[in-house]
>>> print(open('entry-v2.cif').read())   # mmCIF, C-alpha atoms and all ligand atoms
data_start
#
loop_
_atom_site.label_atom_id
_atom_site.label_comp_id
_atom_site.auth_asym_id
_atom_site.auth_seq_id
_atom_site.Cartn_x
_atom_site.Cartn_y
_atom_site.Cartn_z
CA MET A 257 -17.90 -9.86 0.37
CA ALA A 258 -16.65 -12.74 -1.80
CA LYS A 259 -14.87 -15.66 -0.18
CA ALA A 260 -11.14 -15.27 0.30
CA ALA A 261 -10.54 -18.21 -2.04
CA ASP A 262 -12.11 -16.22 -4.89
CA PHE A 263 -9.61 -13.48 -4.49
CA THR A 264 -6.38 -13.79 -6.41
CA ILE A 265 -3.75 -11.29 -7.43
CA ARG A 266 -2.22 -12.16 -10.79
CA LEU A 267 0.76 -10.39 -12.25
CA ASP A 268 1.80 -11.96 -15.54
CA ASP A 269 5.13 -11.05 -17.09
CA LEU A 270 4.62 -7.53 -15.79
CA GLY A 271 7.09 -4.91 -16.94
CA TYR A 272 7.34 -1.16 -16.58
CA GLU A 273 9.75 1.26 -18.21
CA ALA A 274 10.34 4.87 -17.21
CA GLY A 275 12.78 7.35 -18.61
CA GLY A 276 13.87 4.80 -21.20
CA ARG A 277 14.98 2.16 -18.73
CA PRO A 278 13.26 -0.83 -17.14
CA VAL A 279 12.01 -0.24 -13.60
CA LEU A 280 10.24 -3.61 -13.35
CA SER A 281 10.67 -6.59 -15.62
CA GLY A 282 9.21 -10.07 -15.99
CA LEU A 283 7.23 -10.02 -12.76
CA THR A 284 5.00 -13.03 -12.38
CA LEU A 285 3.14 -13.41 -9.12
CA HIS A 286 -0.01 -15.38 -8.41
CA SER A 287 -1.29 -15.31 -4.87
CA SER A 288 -4.48 -15.68 -2.87
CA ALA A 289 -2.74 -15.12 0.47
CA ARG A 290 -4.52 -12.64 2.72
CA ARG A 291 -1.38 -10.78 3.71
CA ILE A 292 1.16 -10.52 0.97
CA GLY A 293 4.39 -8.72 1.76
CA VAL A 294 6.96 -7.20 -0.55
CA VAL A 295 10.39 -6.38 0.77
CA GLY A 296 13.14 -4.63 -1.13
CA ARG A 297 15.75 -1.97 -0.79
CA ASN A 298 15.45 1.67 -1.88
CA GLY A 299 14.86 2.00 -5.60
CA SER A 300 14.04 -1.69 -6.15
CA GLY A 301 10.66 -0.78 -7.71
CA LYS A 302 8.25 -1.29 -4.79
CA SER A 303 6.26 1.95 -5.17
CA THR A 304 6.07 1.48 -8.93
CA LEU A 305 4.66 -1.99 -8.33
CA ALA A 306 2.13 -0.53 -5.88
CA ARG A 307 0.89 1.94 -8.50
CA LEU A 308 0.65 -0.75 -11.17
CA LEU A 309 -1.31 -2.98 -8.81
CA ALA A 310 -3.70 -0.13 -8.07
CA GLY A 311 -4.19 0.42 -11.81
CA LEU A 312 -2.68 3.90 -11.72
CA LEU A 313 0.08 3.15 -14.23
CA ALA A 314 -0.13 1.41 -17.58
CA PRO A 315 2.09 -1.68 -17.71
CA THR A 316 4.69 -1.56 -20.48
CA THR A 317 4.36 -5.32 -20.81
CA GLY A 318 2.12 -7.94 -19.28
CA GLN A 319 -0.96 -7.59 -17.17
CA VAL A 320 -2.25 -6.97 -13.66
CA ARG A 321 -5.44 -8.64 -12.51
CA VAL A 322 -7.01 -8.40 -9.08
CA ALA A 323 -9.99 -10.71 -8.47
CA GLY A 324 -10.32 -11.04 -12.23
CA ILE A 325 -10.34 -7.28 -12.85
CA ASP A 326 -7.89 -5.61 -15.18
CA VAL A 327 -7.24 -2.74 -12.80
CA PHE A 328 -5.79 -0.38 -15.38
CA ARG A 329 -8.49 -0.80 -18.01
CA ASP A 330 -11.53 -1.18 -15.76
CA ARG A 331 -11.14 1.82 -13.47
CA ARG A 332 -14.67 1.70 -12.12
CA ALA A 333 -14.37 -1.87 -10.89
CA ALA A 334 -10.84 -1.17 -9.67
CA LEU A 335 -12.05 1.70 -7.48
CA GLU A 336 -14.46 -0.69 -5.73
CA THR A 337 -11.81 -3.33 -5.29
CA VAL A 338 -8.40 -1.81 -4.64
CA GLY A 339 -7.31 0.93 -2.26
CA ILE A 340 -3.81 2.32 -2.03
CA LEU A 341 -1.97 4.16 0.68
CA PHE A 342 0.83 6.12 -0.97
CA GLN A 343 4.27 6.27 0.55
CA ASN A 344 4.10 10.06 0.55
CA PRO A 345 0.89 11.59 1.97
CA GLU A 346 1.42 14.67 -0.18
CA HIS A 347 0.71 12.49 -3.22
CA GLN A 348 -2.66 11.52 -1.83
CA ILE A 349 -4.13 14.58 -0.14
CA ILE A 350 -6.32 16.83 -2.28
CA PHE A 351 -8.61 18.64 0.15
CA PRO A 352 -7.96 21.18 2.90
CA ARG A 353 -9.98 19.47 5.68
CA VAL A 354 -9.85 15.98 7.11
CA SER A 355 -13.54 15.17 6.63
CA GLU A 356 -13.47 16.37 3.01
CA GLU A 357 -10.46 14.21 2.28
CA ILE A 358 -12.08 11.12 3.78
CA ALA A 359 -15.46 11.79 2.13
CA PHE A 360 -14.00 12.27 -1.35
CA GLY A 361 -13.24 8.62 -2.10
CA LEU A 362 -16.54 7.56 -0.59
CA ARG A 363 -18.46 9.95 -2.85
CA GLN A 364 -16.54 8.57 -5.81
CA GLN A 365 -17.69 5.13 -4.79
CA GLY A 366 -21.28 6.37 -5.04
CA LEU A 367 -22.18 7.02 -1.39
CA ASP A 368 -24.43 10.04 -0.85
CA LYS A 369 -23.41 12.92 1.43
CA VAL A 370 -25.13 11.54 4.52
CA GLN A 371 -23.70 8.04 4.06
CA ALA A 372 -20.22 9.43 3.42
CA ALA A 373 -20.41 11.62 6.54
CA ALA A 374 -21.48 8.64 8.66
CA ARG A 375 -18.65 6.45 7.31
CA CYS A 376 -16.19 9.28 7.90
CA GLU A 377 -17.35 9.71 11.48
CA ALA A 378 -17.03 5.97 12.11
CA VAL A 379 -13.46 5.74 10.88
CA LEU A 380 -12.41 8.83 12.83
CA ARG A 381 -13.94 7.34 15.95
CA SER A 382 -12.22 4.00 15.48
CA PHE A 383 -8.88 5.80 15.59
CA ASP A 384 -9.92 8.04 18.50
CA LYS A 385 -9.77 11.10 16.26
CA PRO A 386 -13.34 12.50 16.07
CA HIS A 387 -11.92 15.94 16.91
CA TRP A 388 -9.95 15.88 13.64
CA ARG A 389 -13.11 16.12 11.52
CA ASP A 390 -12.87 19.83 10.72
CA ALA A 391 -9.13 20.16 11.20
CA PRO A 392 -7.12 21.72 8.37
CA ILE A 393 -4.80 19.03 7.05
CA SER A 394 -2.01 21.54 6.50
CA ALA A 395 -1.84 22.03 10.27
CA LEU A 396 -1.21 18.34 10.94
CA SER A 397 2.20 16.77 11.36
CA GLN A 398 3.65 14.42 8.76
CA GLY A 399 2.67 11.32 10.73
CA GLN A 400 -0.81 12.70 11.34
CA LYS A 401 -1.25 13.37 7.61
CA HIS A 402 -0.21 9.80 6.97
CA LEU A 403 -2.92 8.60 9.35
CA VAL A 404 -5.53 10.77 7.59
CA CYS A 405 -4.61 9.08 4.31
CA MET A 406 -4.84 5.69 5.98
CA MET A 407 -8.28 6.48 7.39
CA ALA A 408 -9.46 7.76 4.00
CA VAL A 409 -8.49 4.55 2.26
CA LEU A 410 -9.80 2.29 5.05
CA ALA A 411 -13.15 4.11 4.99
CA MET A 412 -13.57 2.95 1.38
CA ARG A 413 -13.41 -0.68 2.57
CA PRO A 414 -11.48 -2.01 -0.41
CA ARG A 415 -11.15 -5.78 -0.86
CA LEU A 416 -7.44 -5.28 -1.40
CA LEU A 417 -5.48 -2.67 0.47
CA ILE A 418 -2.06 -1.75 -0.91
CA LEU A 419 0.09 -0.25 1.80
CA ASP A 420 3.32 1.39 0.68
CA GLU A 421 5.50 1.77 3.78
CA PRO A 422 2.42 2.29 5.98
CA TYR A 423 4.29 2.48 9.26
CA ALA A 424 6.89 5.01 8.18
CA GLY A 425 6.52 8.09 10.34
CA LEU A 426 3.91 6.60 12.68
CA ASP A 427 4.61 6.38 16.39
CA ILE A 428 4.35 3.12 18.35
CA PRO A 429 0.79 3.54 19.72
CA THR A 430 -0.51 4.52 16.28
CA ARG A 431 1.23 1.54 14.64
CA ARG A 432 -0.26 -0.84 17.15
CA GLN A 433 -3.71 0.67 16.73
CA LEU A 434 -3.37 0.42 12.97
CA GLY A 435 -2.11 -3.16 13.14
CA ARG A 436 -5.16 -4.16 15.19
CA TYR A 437 -7.49 -2.31 12.85
CA LEU A 438 -6.01 -4.06 9.81
CA ASN A 439 -6.40 -7.45 11.46
CA ARG A 440 -10.01 -6.74 12.25
CA ALA A 441 -10.78 -5.31 8.82
CA GLY A 442 -10.29 -8.76 7.25
CA THR A 443 -9.29 -7.22 3.94
CA HIS A 444 -6.52 -8.58 1.72
CA LEU A 445 -3.28 -6.71 2.23
CA PHE A 446 -0.37 -6.04 -0.06
CA HIS A 447 2.14 -4.63 2.35
CA ILE A 448 5.32 -3.04 1.02
CA SER A 449 8.28 -2.24 3.20
CA HIS A 450 12.04 -2.04 3.24
CA GLU A 451 11.89 -2.90 6.95
CA PRO A 452 11.85 -6.68 7.62
CA ALA A 453 10.25 -6.38 11.07
CA ASP A 454 7.13 -4.80 9.52
CA LEU A 455 6.46 -7.89 7.43
CA GLU A 456 6.83 -10.70 9.97
CA GLY A 457 3.06 -11.26 10.15
CA CYS A 458 2.58 -11.76 6.41
CA ASP A 459 1.42 -15.09 4.96
CA GLN A 460 3.57 -14.91 1.85
CA LEU A 461 6.53 -12.72 0.98
CA PHE A 462 8.21 -11.55 -2.19
CA TRP A 463 11.66 -9.99 -2.37
CA LEU A 464 12.03 -7.38 -5.05
CA ASP A 465 15.50 -6.44 -6.24
CA ARG A 466 16.34 -4.20 -9.20
CA GLY A 467 12.83 -4.59 -10.56
CA GLN A 468 12.65 -8.37 -10.34
CA ILE A 469 11.32 -10.91 -7.89
CA VAL A 470 14.43 -12.68 -6.63
CA ALA A 471 12.84 -14.81 -3.89
CA GLN A 472 9.47 -15.76 -2.49
CA GLY A 473 8.30 -17.79 0.46
CA ALA A 474 7.40 -17.77 4.13
CA PRO A 475 8.51 -14.75 6.20
CA ALA A 476 10.97 -16.42 8.59
CA GLN A 477 13.45 -17.69 6.00
CA LEU A 478 13.03 -14.92 3.46
CA LEU A 479 13.40 -12.11 5.98
CA ALA A 480 16.48 -13.75 7.48
CA ASP A 481 18.04 -14.01 4.00
CA PHE A 482 17.06 -10.44 3.15
CA THR A 483 18.47 -9.06 6.39
CA ALA A 484 21.74 -10.95 5.93
CA GLU A 485 22.10 -9.60 2.38
CA MET A 486 21.27 -6.02 3.43
CA ASN A 487 23.83 -6.20 6.23
CA ARG A 488 26.42 -7.59 3.81
CA LEU A 489 25.78 -4.71 1.38
CA GLY A 490 25.84 -2.19 4.19
CA ASP A 491 29.22 -3.43 5.33
CA LEU A 492 30.80 -3.01 1.91
CA ASP A 493 33.20 -0.13 1.58
CA ASP A 494 32.02 0.67 -1.93
CA ILE A 495 29.41 3.38 -1.38
CA ALA A 496 28.70 3.37 -5.14
CA ASP A 497 26.60 0.26 -4.64
CA LEU A 498 24.15 2.25 -2.54
CA ALA A 499 23.00 4.13 -5.63
CA GLY A 500 21.31 0.91 -6.75
N1 LIG B 601 8.53 8.10 -13.68
C1 LIG B 601 9.79 7.69 -13.53
N2 LIG B 601 10.78 8.19 -14.30
C2 LIG B 601 12.05 7.77 -14.16
N3 LIG B 601 12.43 6.85 -13.25
C3 LIG B 601 11.50 6.34 -12.46
C4 LIG B 601 10.13 6.72 -12.54
N4 LIG B 601 9.43 6.02 -11.63
C5 LIG B 601 10.33 5.25 -10.98
N5 LIG B 601 11.57 5.44 -11.49
C6 LIG B 601 12.80 4.77 -11.03
O1 LIG B 601 12.51 3.43 -10.76
C7 LIG B 601 13.23 2.96 -9.64
C8 LIG B 601 12.29 2.38 -8.62
O2 LIG B 601 11.54 3.42 -7.99
P1 LIG B 601 10.47 3.12 -6.85
O3 LIG B 601 9.97 4.41 -6.34
O4 LIG B 601 9.46 2.16 -7.39
O5 LIG B 601 11.38 2.37 -5.78
P2 LIG B 601 11.06 1.93 -4.27
O6 LIG B 601 11.45 0.49 -4.15
O7 LIG B 601 9.67 2.29 -3.92
O8 LIG B 601 12.11 2.79 -3.43
P3 LIG B 601 12.00 3.41 -1.92
O9 LIG B 601 12.32 2.27 -0.97
O10 LIG B 601 13.05 4.44 -1.88
O11 LIG B 601 10.62 3.95 -1.72
C9 LIG B 601 14.04 4.15 -9.12
O12 LIG B 601 15.34 4.03 -9.62
C10 LIG B 601 13.31 5.33 -9.73
O13 LIG B 601 14.20 6.40 -9.96
MG MG B 602 8.86 3.47 -2.50
#
>>> encode(input="entry-v2.cif", output="structure tokens", more="lines below")
Ligand SMILES: Nc1ncnc2c1ncn2[C@@H]1O[C@H](COP(=O)(O)OP(=O)(O)OP(=O)(O)O)[C@@H](O)[C@H]1O
Ligand SMILES: [Mg+2]
Amino acid sequence: MAKAADFTIRLDDLGYEAGGRPVLSGLTLHSSARRIGVVGRNGSGKSTLARLLAGLLAPTTGQVRVAGIDVFRDRRAALETVGILFQNPEHQIIFPRVSEEIAFGLRQQGLDKVQAAARCEAVLRSFDKPHWRDAPISALSQGQKHLVCMMAVLAMRPRLLILDEPYAGLDIPTRRQLGRYLNRAGTHLFHISHEPADLEGCDQLFWLDRGQIVAQGAPAQLLADFTAEMNRLGDLDDIADLAG
């Protein structure tokens, strides 16, 4: 694995339009922090940013580079480098059984069947879920499906892990287990959440509002400002503002 200092995320004048209107505009972000956090309210563009950073959407303007890789144009290198946990597990799951789902990404990375099975077993064991191996995913709860997706992406050992609301729907023991696992994994994290408490442990934070970065800095000050602003908006009588 390359040294942390070699690893930089670079968004340059990034813009994305959908349905004829800008979802993100003029995003410039350069960071080598290990844990980057993005906070923003519903509809601010967080999930769109996650997909752009994973190379799954074509930028309308500008560029996304992760460790020097243009993640949209160089898909092969991007697959080795960036993993994404989608906000909605239904957008991620393709296969009927847990082991198939976890093995799929590994096979795409070039592991053979035996290697993929061993990696799958290891990740299941690290979350105390070896008995899930042959379980049908459709029979799992929403939070359990979310954990399957998390295990599938962790098994691929990406250098950068993009987590879009990773704790939503997970119970307290599972969150704690996951938090420990992520600390141990040593991978770079791009953690997206609308919930300030989730992001307290980040090294650098960005606040996204209406598709733009409106503040950046250390968690303590930025999260306090964000929380104050969210409370102010929530106390307004004008419900129209909630539509964003
Ligand atoms: N393909 C698309 N077509 C039209 N509008 C889109 C498309 N993708 C995103 N948008 C719009 O862009 C805005 C940002 O969406 P996005 O899902 O990125 O927000 P978010 O910050 O992740 O919100 P949430 O906190 O609810 O998950 C929304 O208004 C959404 O309707
Ligand atoms: Mg979202």
>>> closest_atom_pairs(input="entry-v2.cif", of="chain A", to="ligand MG 602 (chain B)", cutoff="7 Å", atoms="all atoms listed in the file", output="tab-separated table")
residue	atom	partner	partner_atom	distance
A:Asn298	CA	B:MG602	MG	6.9
A:Gly299	CA	B:MG602	MG	6.9
A:Gly301	CA	B:MG602	MG	7.0
A:Lys302	CA	B:MG602	MG	5.3
A:Ser303	CA	B:MG602	MG	4.0
A:Gln343	CA	B:MG602	MG	6.2
A:Asp420	CA	B:MG602	MG	6.7
>>> write_last_selection(input="entry-v2.cif", atoms="C-alpha atoms", output="PDB file, in the coordinates of the input")
ATOM      1  CA  ASN A 298      15.450   1.670  -1.880  1.00  0.00           C
ATOM      2  CA  GLY A 299      14.860   2.000  -5.600  1.00  0.00           C
ATOM      3  CA  GLY A 301      10.660  -0.780  -7.710  1.00  0.00           C
ATOM      4  CA  LYS A 302       8.250  -1.290  -4.790  1.00  0.00           C
ATOM      5  CA  SER A 303       6.260   1.950  -5.170  1.00  0.00           C
ATOM      6  CA  GLN A 343       4.270   6.270   0.550  1.00  0.00           C
ATOM      7  CA  ASP A 420       3.320   1.390   0.680  1.00  0.00           C
TER       8      ASP A 420
END
>>> residues_near_ligand(input="entry-v2.cif", ligand="ligand LIG 601 (chain B)", cutoff="8 Å", atoms="only C-alpha atoms and all ligand atoms", output="number ranges by chain")
A: 273-280, 296-306, 343, 420-421, 449-450, 464, 466-467, 500
>>> closest_residue(input="entry-v2.cif", among="A:Ile469, A:Ala476, A:Ala289, A:Ala453", to="Gly271 (chain A)", atoms="only C-alpha atoms")
A:Ile469
>>> residues_near_point(input="entry-v2.cif", point="(-8.7, 4.9, 9.7)", cutoff="6 Å", atoms="all atoms listed in the file", output="list in words")
Val379, Phe383, Met406, Met407 and Leu410 of chain A
>>> residues_around(input="entry-v2.cif", residues="region 362-370 of chain A", least_positions_apart="5", cutoff="8 Å", atoms="all atoms listed in the file", output="JSON list (two decimals) with C-alpha atoms, keeping the file's coordinate frame")
[["chain", "number", "residue", "atom", "x", "y", "z"],
["A", 335, "LEU", "CA", -12.05, 1.70, -7.48],
["A", 336, "GLU", "CA", -14.46, -0.69, -5.73],
["A", 411, "ALA", "CA", -13.15, 4.11, 4.99],
["A", 412, "MET", "CA", -13.57, 2.95, 1.38]]
>>> atom_distance(input="entry-v2.cif", atom1="CA of Asp262 (chain A)", atom2="CA of Gln319 (chain A)")
18.7 Å
>>> residues_near_point(input="entry-v2.cif", point="(-13.9, 14.8, 9.6)", cutoff="7 Å", atoms="all atoms listed in the file", output="list in words")
Val354, Ser355, Glu356, Cys376, Glu377, Leu380, Pro386, Trp388, Arg389 and Asp390 of chain A
>>> write_last_selection(input="entry-v2.cif", atoms="C-alpha atoms", output="short mmCIF file (atom, residue, chain, number, x, y, z; two decimals), keeping the file's coordinate frame")
data_model
loop_
_atom_site.label_atom_id
_atom_site.label_comp_id
_atom_site.auth_asym_id
_atom_site.auth_seq_id
_atom_site.Cartn_x
_atom_site.Cartn_y
_atom_site.Cartn_z
CA VAL A 354 -9.85 15.98 7.11
CA SER A 355 -13.54 15.17 6.63
CA GLU A 356 -13.47 16.37 3.01
CA CYS A 376 -16.19 9.28 7.90
CA GLU A 377 -17.35 9.71 11.48
CA LEU A 380 -12.41 8.83 12.83
CA PRO A 386 -13.34 12.50 16.07
CA TRP A 388 -9.95 15.88 13.64
CA ARG A 389 -13.11 16.12 11.52
CA ASP A 390 -12.87 19.83 10.72
#
>>> atom_distance(input="entry-v2.cif", atom1="CA of Gln348 (chain A)", atom2="CA of Val409 (chain A)")
10.0 Å
>>> residues_around(input="entry-v2.cif", residues="Arg290 (chain A)", least_positions_apart="5", cutoff="7 Å", atoms="only C-alpha atoms", output="number ranges by chain")
A: 444-445, 459
>>> closest_residue(input="entry-v2.cif", among="A:Ser288, A:Ala408, A:Val294, A:Phe342", to="Ala310 (chain A)", atoms="only C-alpha atoms")
A:Phe342
>>> closest_residue(input="entry-v2.cif", among="A:Gly318, A:Pro392, A:Pro352, A:Pro414", to="Ala333 (chain A)", atoms="all atoms listed in the file")
A:Pro414
>>> atom_distance(input="entry-v2.cif", atom1="CA of Glu357 (chain A)", atom2="CA of Val327 (chain A)")
22.9 Å
>>> closest_residue(input="entry-v2.cif", among="A:Ala441, A:Leu419, A:Pro345, A:Ala471", to="Ser397 (chain A)", atoms="only C-alpha atoms")
A:Pro345
>>> build_atoms(input="entry-v2.cif", residues="region 348-372 of chain A", atoms="N, CA, C and O atoms", output="tab-separated table (two decimals), keeping the file's coordinate frame")
chain	number	residue	atom	x	y	z
A	348	GLN	N	-1.30	12.04	-2.00
A	348	GLN	CA	-2.66	11.52	-1.83
A	348	GLN	C	-3.66	12.62	-1.49
A	348	GLN	O	-4.79	12.60	-1.95
A	349	ILE	N	-3.20	13.59	-0.69
A	349	ILE	CA	-4.13	14.58	-0.14
A	349	ILE	C	-4.51	15.62	-1.19
A	349	ILE	O	-3.66	16.21	-1.84
A	350	ILE	N	-5.82	15.85	-1.30
A	350	ILE	CA	-6.32	16.83	-2.28
A	350	ILE	C	-7.04	17.97	-1.58
A	350	ILE	O	-7.00	19.10	-2.03
A	351	PHE	N	-7.70	17.66	-0.46
A	351	PHE	CA	-8.61	18.64	0.15
A	351	PHE	C	-8.02	19.30	1.39
A	351	PHE	O	-7.13	18.73	2.04
A	352	PRO	N	-8.52	20.48	1.74
A	352	PRO	CA	-7.96	21.18	2.90
A	352	PRO	C	-8.35	20.57	4.25
A	352	PRO	O	-7.59	20.66	5.21
A	353	ARG	N	-9.54	19.96	4.35
A	353	ARG	CA	-9.98	19.47	5.68
A	353	ARG	C	-10.10	17.94	5.73
A	353	ARG	O	-10.40	17.30	4.73
A	354	VAL	N	-9.88	17.43	6.93
A	354	VAL	CA	-9.85	15.98	7.11
A	354	VAL	C	-11.13	15.31	6.61
A	354	VAL	O	-11.08	14.34	5.85
A	355	SER	N	-12.29	15.84	7.02
A	355	SER	CA	-13.54	15.17	6.63
A	355	SER	C	-13.75	15.20	5.12
A	355	SER	O	-14.27	14.25	4.54
A	356	GLU	N	-13.31	16.29	4.47
A	356	GLU	CA	-13.47	16.37	3.01
A	356	GLU	C	-12.59	15.33	2.33
A	356	GLU	O	-13.00	14.69	1.36
A	357	GLU	N	-11.39	15.17	2.87
A	357	GLU	CA	-10.46	14.21	2.28
A	357	GLU	C	-11.02	12.79	2.40
A	357	GLU	O	-10.98	12.00	1.45
A	358	ILE	N	-11.55	12.48	3.57
A	358	ILE	CA	-12.08	11.12	3.78
A	358	ILE	C	-13.35	10.91	2.95
A	358	ILE	O	-13.55	9.84	2.37
A	359	ALA	N	-14.18	11.94	2.86
A	359	ALA	CA	-15.46	11.79	2.13
A	359	ALA	C	-15.26	11.66	0.63
A	359	ALA	O	-16.07	11.02	-0.05
A	360	PHE	N	-14.18	12.22	0.10
A	360	PHE	CA	-14.00	12.27	-1.35
A	360	PHE	C	-14.07	10.89	-2.01
A	360	PHE	O	-14.85	10.66	-2.93
A	361	GLY	N	-13.27	9.97	-1.51
A	361	GLY	CA	-13.24	8.62	-2.10
A	361	GLY	C	-14.59	7.93	-1.96
A	361	GLY	O	-15.02	7.19	-2.84
A	362	LEU	N	-15.25	8.19	-0.84
A	362	LEU	CA	-16.54	7.56	-0.59
A	362	LEU	C	-17.59	8.05	-1.59
A	362	LEU	O	-18.40	7.29	-2.10
A	363	ARG	N	-17.53	9.36	-1.87
A	363	ARG	CA	-18.46	9.95	-2.85
A	363	ARG	C	-18.18	9.37	-4.24
A	363	ARG	O	-19.10	9.09	-4.99
A	364	GLN	N	-16.90	9.18	-4.52
A	364	GLN	CA	-16.54	8.57	-5.81
A	364	GLN	C	-17.06	7.16	-5.93
A	364	GLN	O	-17.35	6.68	-7.02
A	365	GLN	N	-17.16	6.50	-4.80
A	365	GLN	CA	-17.69	5.13	-4.79
A	365	GLN	C	-19.22	5.12	-4.89
A	365	GLN	O	-19.82	4.05	-4.93
A	366	GLY	N	-19.84	6.30	-4.86
A	366	GLY	CA	-21.28	6.37	-5.04
A	366	GLY	C	-22.09	6.57	-3.77
A	366	GLY	O	-23.32	6.58	-3.80
A	367	LEU	N	-21.43	6.75	-2.62
A	367	LEU	CA	-22.18	7.02	-1.39
A	367	LEU	C	-22.72	8.45	-1.45
A	367	LEU	O	-22.06	9.34	-2.00
A	368	ASP	N	-23.92	8.67	-0.88
A	368	ASP	CA	-24.43	10.04	-0.85
A	368	ASP	C	-23.78	10.78	0.32
A	368	ASP	O	-23.03	10.19	1.11
A	369	LYS	N	-24.09	12.08	0.43
A	369	LYS	CA	-23.41	12.92	1.43
A	369	LYS	C	-23.59	12.40	2.85
A	369	LYS	O	-22.64	12.38	3.65
A	370	VAL	N	-24.83	11.99	3.16
A	370	VAL	CA	-25.13	11.54	4.52
A	370	VAL	C	-24.38	10.23	4.83
A	370	VAL	O	-23.77	10.09	5.90
A	371	GLN	N	-24.41	9.32	3.86
A	371	GLN	CA	-23.70	8.04	4.06
A	371	GLN	C	-22.20	8.27	4.21
A	371	GLN	O	-21.54	7.67	5.06
A	372	ALA	N	-21.66	9.16	3.38
A	372	ALA	CA	-20.22	9.43	3.42
A	372	ALA	C	-19.84	10.06	4.76
A	372	ALA	O	-18.83	9.70	5.37
